[in-house]
$ cat data_2.tsv   # TSV, C-alpha atoms
chain	number	residue	atom	x	y	z
O	1	PRO	CA	0.00	0.00	0.00
O	2	GLU	CA	2.85	2.41	0.74
O	3	GLY	CA	4.07	2.08	-2.84
O	4	TRP	CA	0.80	3.54	-4.12
O	5	THR	CA	0.60	6.44	-1.69
O	6	ALA	CA	4.13	7.65	-0.91
O	7	LEU	CA	6.82	9.09	-3.14
O	8	PRO	CA	9.61	6.59	-3.76
O	9	THR	CA	12.75	6.91	-1.69
O	10	THR	CA	16.17	7.17	-3.31
O	11	ARG	CA	16.80	3.60	-2.19
O	12	ALA	CA	13.60	2.41	-3.87
O	13	GLN	CA	14.44	4.29	-7.09
O	14	ASN	CA	17.91	2.77	-7.16
O	15	ALA	CA	16.44	-0.72	-6.65
O	16	LEU	CA	13.99	-0.08	-9.50
O	17	ILE	CA	16.79	1.01	-11.83
O	18	ARG	CA	18.91	-2.01	-10.89
O	19	ALA	CA	15.97	-4.30	-11.66
O	20	ALA	CA	15.38	-2.61	-15.02
O	21	CYS	CA	19.07	-2.82	-15.92
O	22	GLU	CA	19.15	-6.50	-15.01
O	23	ALA	CA	15.98	-7.27	-16.96
O	24	TRP	CA	17.13	-5.42	-20.08
O	25	GLY	CA	20.87	-6.18	-19.99
O	26	CYS	CA	22.02	-2.61	-19.41
O	27	ASP	CA	24.86	-1.36	-17.27
O	28	ALA	CA	24.68	2.28	-18.39
O	29	PRO	CA	23.41	5.07	-16.15
O	30	MET	CA	19.62	5.10	-16.15
O	31	LEU	CA	16.86	7.38	-14.94
O	32	ALA	CA	13.32	6.28	-14.06
O	33	LEU	CA	10.55	8.67	-15.08
O	34	ALA	CA	6.77	8.83	-15.12
O	35	GLY	CA	6.50	6.99	-18.43
O	36	ALA	CA	8.48	7.18	-21.66
O	37	GLN	CA	6.44	10.29	-22.46
O	38	ALA	CA	8.21	12.10	-19.61
O	39	ALA	CA	11.54	11.25	-21.23
O	40	ILE	CA	10.29	12.46	-24.62
O	41	GLN	CA	9.34	15.78	-23.03
O	42	THR	CA	12.56	16.09	-20.98
O	43	ILE	CA	15.27	15.19	-23.52
O	44	PRO	CA	14.80	18.33	-25.67
O	45	ARG	CA	16.04	20.50	-22.80
O	46	LEU	CA	19.56	19.05	-23.12
O	47	ALA	CA	20.41	21.48	-25.95
O	48	LEU	CA	18.95	23.30	-28.95
O	49	GLY	CA	19.58	22.90	-32.65
O	50	GLN	CA	18.29	20.94	-35.59
O	51	ALA	CA	16.57	17.63	-34.94
O	52	ARG	CA	15.71	14.98	-37.48
O	53	VAL	CA	13.04	12.41	-36.74
O	54	LEU	CA	12.70	9.21	-38.74
O	55	ALA	CA	9.06	9.36	-39.89
O	56	PRO	CA	6.31	8.46	-39.94
O	57	THR	CA	6.35	7.71	-36.24
O	58	TYR	CA	4.85	8.57	-32.89
O	59	ASN	CA	4.09	12.33	-33.14
O	60	GLU	CA	5.21	13.31	-29.64
O	61	HIS	CA	8.92	13.27	-30.43
O	62	ALA	CA	8.67	16.02	-33.04
O	63	ALA	CA	6.05	17.92	-31.04
O	64	SER	CA	8.17	17.96	-27.87
O	65	LEU	CA	11.27	19.04	-29.75
O	66	ARG	CA	9.39	21.87	-31.50
O	67	ALA	CA	7.83	23.00	-28.21
O	68	ALA	CA	11.33	23.28	-26.72
O	69	GLY	CA	12.55	25.45	-29.62
O	70	TRP	CA	14.25	22.86	-31.84
O	71	GLN	CA	14.08	23.05	-35.63
O	72	VAL	CA	12.58	19.69	-36.60
O	73	VAL	CA	12.74	17.91	-39.94
O	74	GLU	CA	11.00	14.59	-40.48
O	75	VAL	CA	13.03	12.28	-42.73
O	76	ALA	CA	12.35	9.00	-44.50
O	77	THR	CA	15.59	7.00	-44.12
O	78	LEU	CA	18.27	6.35	-41.50
O	79	ASP	CA	20.87	7.94	-43.79
O	80	ASP	CA	18.82	11.17	-43.80
O	81	LEU	CA	19.43	11.52	-40.04
O	82	ALA	CA	23.15	12.25	-40.55
O	83	GLY	CA	24.18	15.79	-39.68
O	84	ALA	CA	21.43	16.40	-37.13
O	85	ASP	CA	22.19	17.79	-33.70
O	86	MET	CA	19.65	15.27	-32.43
O	87	ALA	CA	18.32	12.29	-34.38
O	88	VAL	CA	15.29	10.29	-33.23
O	89	VAL	CA	14.45	6.71	-34.19
O	90	VAL	CA	11.63	4.62	-32.74
O	91	ASN	CA	12.75	0.98	-32.86
O	92	PRO	CA	10.59	-0.93	-33.51
O	93	ASN	CA	8.54	1.86	-34.92
O	94	ASN	CA	5.01	2.88	-33.98
O	95	PRO	CA	2.77	2.68	-36.06
O	96	ASP	CA	4.28	0.50	-38.79
O	97	GLY	CA	6.56	-1.87	-36.83
O	98	GLN	CA	9.62	-1.12	-38.98
O	99	ALA	CA	12.75	-2.33	-37.19
O	100	HIS	CA	16.39	-1.31	-37.49
O	101	ASP	CA	19.49	-3.37	-36.77
O	102	PRO	CA	21.40	-2.03	-33.74
O	103	ALA	CA	24.65	-2.05	-35.76
O	104	ARG	CA	23.11	0.36	-38.30
O	105	LEU	CA	21.93	2.60	-35.48
O	106	ALA	CA	25.35	2.50	-33.82
O	107	ALA	CA	26.91	3.56	-37.13
O	108	LEU	CA	24.86	6.77	-36.89
O	109	LEU	CA	26.46	7.84	-33.60
O	110	PRO	CA	29.51	9.59	-35.09
O	111	LYS	CA	27.27	11.31	-37.66
O	112	VAL	CA	24.86	13.04	-35.23
O	113	GLY	CA	25.14	15.11	-32.07
O	114	ARG	CA	22.83	12.83	-30.10
O	115	LEU	CA	20.94	9.73	-31.14
O	116	VAL	CA	17.68	9.06	-29.31
O	117	VAL	CA	16.41	5.52	-29.78
O	118	ASP	CA	12.90	5.01	-28.42
O	119	GLU	CA	12.53	1.32	-27.61
O	120	SER	CA	9.10	1.60	-26.01
O	121	PHE	CA	7.89	-1.39	-28.04
O	122	ALA	CA	11.11	-3.47	-27.95
O	123	ASP	CA	10.34	-5.93	-25.15
O	124	PRO	CA	9.19	-8.69	-27.55
O	125	VAL	CA	12.30	-8.18	-29.75
O	126	PRO	CA	15.25	-7.80	-27.36
O	127	HIS	CA	17.82	-8.37	-30.14
O	128	LEU	CA	16.94	-4.87	-31.45
O	129	SER	CA	17.95	-3.14	-28.23
O	130	MET	CA	20.69	-0.54	-27.97
O	131	LEU	CA	20.64	-0.79	-24.15
O	132	PRO	CA	23.79	-2.96	-24.03
O	133	VAL	CA	25.76	0.01	-25.45
O	134	ALA	CA	23.71	2.84	-23.94
O	135	GLY	CA	26.61	4.31	-21.96
O	136	GLN	CA	28.22	5.69	-25.12
O	137	LYS	CA	28.41	9.46	-25.37
O	138	GLY	CA	25.64	10.80	-27.57
O	139	LEU	CA	23.27	7.83	-27.23
O	140	LEU	CA	20.00	7.96	-25.26
O	141	VAL	CA	17.75	4.90	-25.13
O	142	LEU	CA	14.13	5.11	-23.95
O	143	ARG	CA	12.17	2.18	-22.58
O	144	SER	CA	8.57	1.97	-21.43
O	145	PHE	CA	7.31	-0.38	-18.76
O	146	GLY	CA	3.66	0.31	-19.52
O	147	LYS	CA	3.65	-0.28	-23.28
O	148	PHE	CA	4.37	-3.98	-22.81
O	149	TYR	CA	3.45	-4.83	-19.23
O	150	GLY	CA	0.59	-2.32	-18.88
O	151	LEU	CA	-0.24	-2.24	-15.18
O	152	ALA	CA	-3.24	0.01	-14.57
O	153	GLY	CA	-2.22	3.23	-12.84
O	154	VAL	CA	1.53	2.73	-13.34
O	155	ARG	CA	3.30	5.25	-15.56
O	156	LEU	CA	6.89	4.11	-15.70
O	157	GLY	CA	9.58	4.72	-18.27
O	158	PHE	CA	13.35	4.84	-18.35
O	159	VAL	CA	16.08	6.66	-20.20
O	160	ALA	CA	19.59	5.21	-20.33
O	161	GLY	CA	22.66	6.98	-21.61
O	162	HIS	CA	26.00	8.54	-20.91
O	163	GLU	CA	26.45	9.66	-17.29
O	164	ASP	CA	26.62	13.35	-18.28
O	165	ASP	CA	23.27	13.23	-20.10
O	166	ILE	CA	21.56	11.25	-17.34
O	167	ALA	CA	22.86	13.73	-14.74
O	168	ALA	CA	21.55	16.65	-16.84
O	169	LEU	CA	18.12	14.99	-17.16
O	170	SER	CA	17.87	14.06	-13.49
O	171	PRO	CA	15.65	16.31	-11.37
O	172	LEU	CA	17.90	15.81	-8.32
$ encode --input "data_2.tsv" --output "structure tokens"
Amino acid sequence: PEGWTALPTTRAQNALIRAACEAWGCDAPMLALAGAQAAIQTIPRLALGQARVLAPTYNEHAASLRAAGWQVVEVATLDDLAGADMAVVVNPNNPDGQAHDPARLAALLPKVGRLVVDESFADPVPHLSMLPVAGQKGLLVLRSFGKFYGLAGVRLGFVAGHEDDIAALSPL
């Protein structure tokens, strides 16, 4: 009952992050948030510039970036993301289910300022995950607990990345 009525302690948050890292095979710094949507709305505050979003996809990425002052271009191919200050890929994609090999996504890292890979729908296809390499500078990986496990009343998402980015995103 306490878990539904009290704010989580630092100890409880750390235990949650350890459990998520263990479940998803991640040893990078991670932040728990109130759903992946909270990460989508928070990440744009890391910087400003030109963002490219692989489209069509979930509209909130582009909308959150624009609301934060980013110039946003929706592009059709992974190669079109090169040169962006921030590139966004949903893998696997919503709504069409298109999937991208993690090696192809990793090859984008030196070509963009930051690569955001939204893996909110990746639980059934763990071989697509970038979480095993999420500690690399410039890579942010989003995961959603609710999209796959869907517990009523629980909004829980995670962002994993380089320690500097996770520290900048952390409210503490």
$ closest_residue --input "data_2.tsv" --among "O:Gly150, O:Gly161, O:Pro124, O:Pro56" --to "O:Gly138" --atoms "all atoms listed in the file"
O:Gly161
$ residues_near_point --input "data_2.tsv" --point "(12.6, 21.3, -25.4)" --cutoff "6 Å" --atoms "only C-alpha atoms" --output "list of chain:residue names"
O:Pro44, O:Arg45, O:Leu65, O:Ala67, O:Ala68, O:Gly69
$ write_last_selection --input "data_2.tsv" --atoms "C-alpha atoms" --output "PDB file, in the coordinates of the input"
ATOM      1  CA  PRO O  44      14.800  18.330 -25.670  1.00  0.00           C
ATOM      2  CA  ARG O  45      16.040  20.500 -22.800  1.00  0.00           C
ATOM      3  CA  LEU O  65      11.270  19.040 -29.750  1.00  0.00           C
ATOM      4  CA  ALA O  67       7.830  23.000 -28.210  1.00  0.00           C
ATOM      5  CA  ALA O  68      11.330  23.280 -26.720  1.00  0.00           C
ATOM      6  CA  GLY O  69      12.550  25.450 -29.620  1.00  0.00           C
TER       7      GLY O  69
END
$ residues_near_point --input "data_2.tsv" --point "(17.7, 18.9, -30.8)" --cutoff "9 Å" --atoms "only C-alpha atoms" --output "list in words"
Ile43, Pro44, Arg45, Leu46, Ala47, Leu48, Gly49, Gln50, Ala51, Arg52, Leu65, Arg66, Ala68, Gly69, Trp70, Gln71, Val72, Ala84, Asp85, Met86, Ala87, Gly113 and Arg114 of chain O
$ atom_distance --input "data_2.tsv" --atom1 "atom CA of O:Glu163" --atom2 "atom CA of O:Pro29"
5.6 Å
$ atom_distance --input "data_2.tsv" --atom1 "atom CA of O:Leu115" --atom2 "atom CA of O:Glu60"
16.2 Å
$ atom_distance --input "data_2.tsv" --atom1 "atom CA of O:Ala38" --atom2 "atom CA of O:Gly157"
7.6 Å
$ closest_residue --input "data_2.tsv" --among "O:Pro95, O:Gly153, O:Pro171, O:Pro126" --to "O:Ala23" --atoms "only C-alpha atoms"
O:Pro126
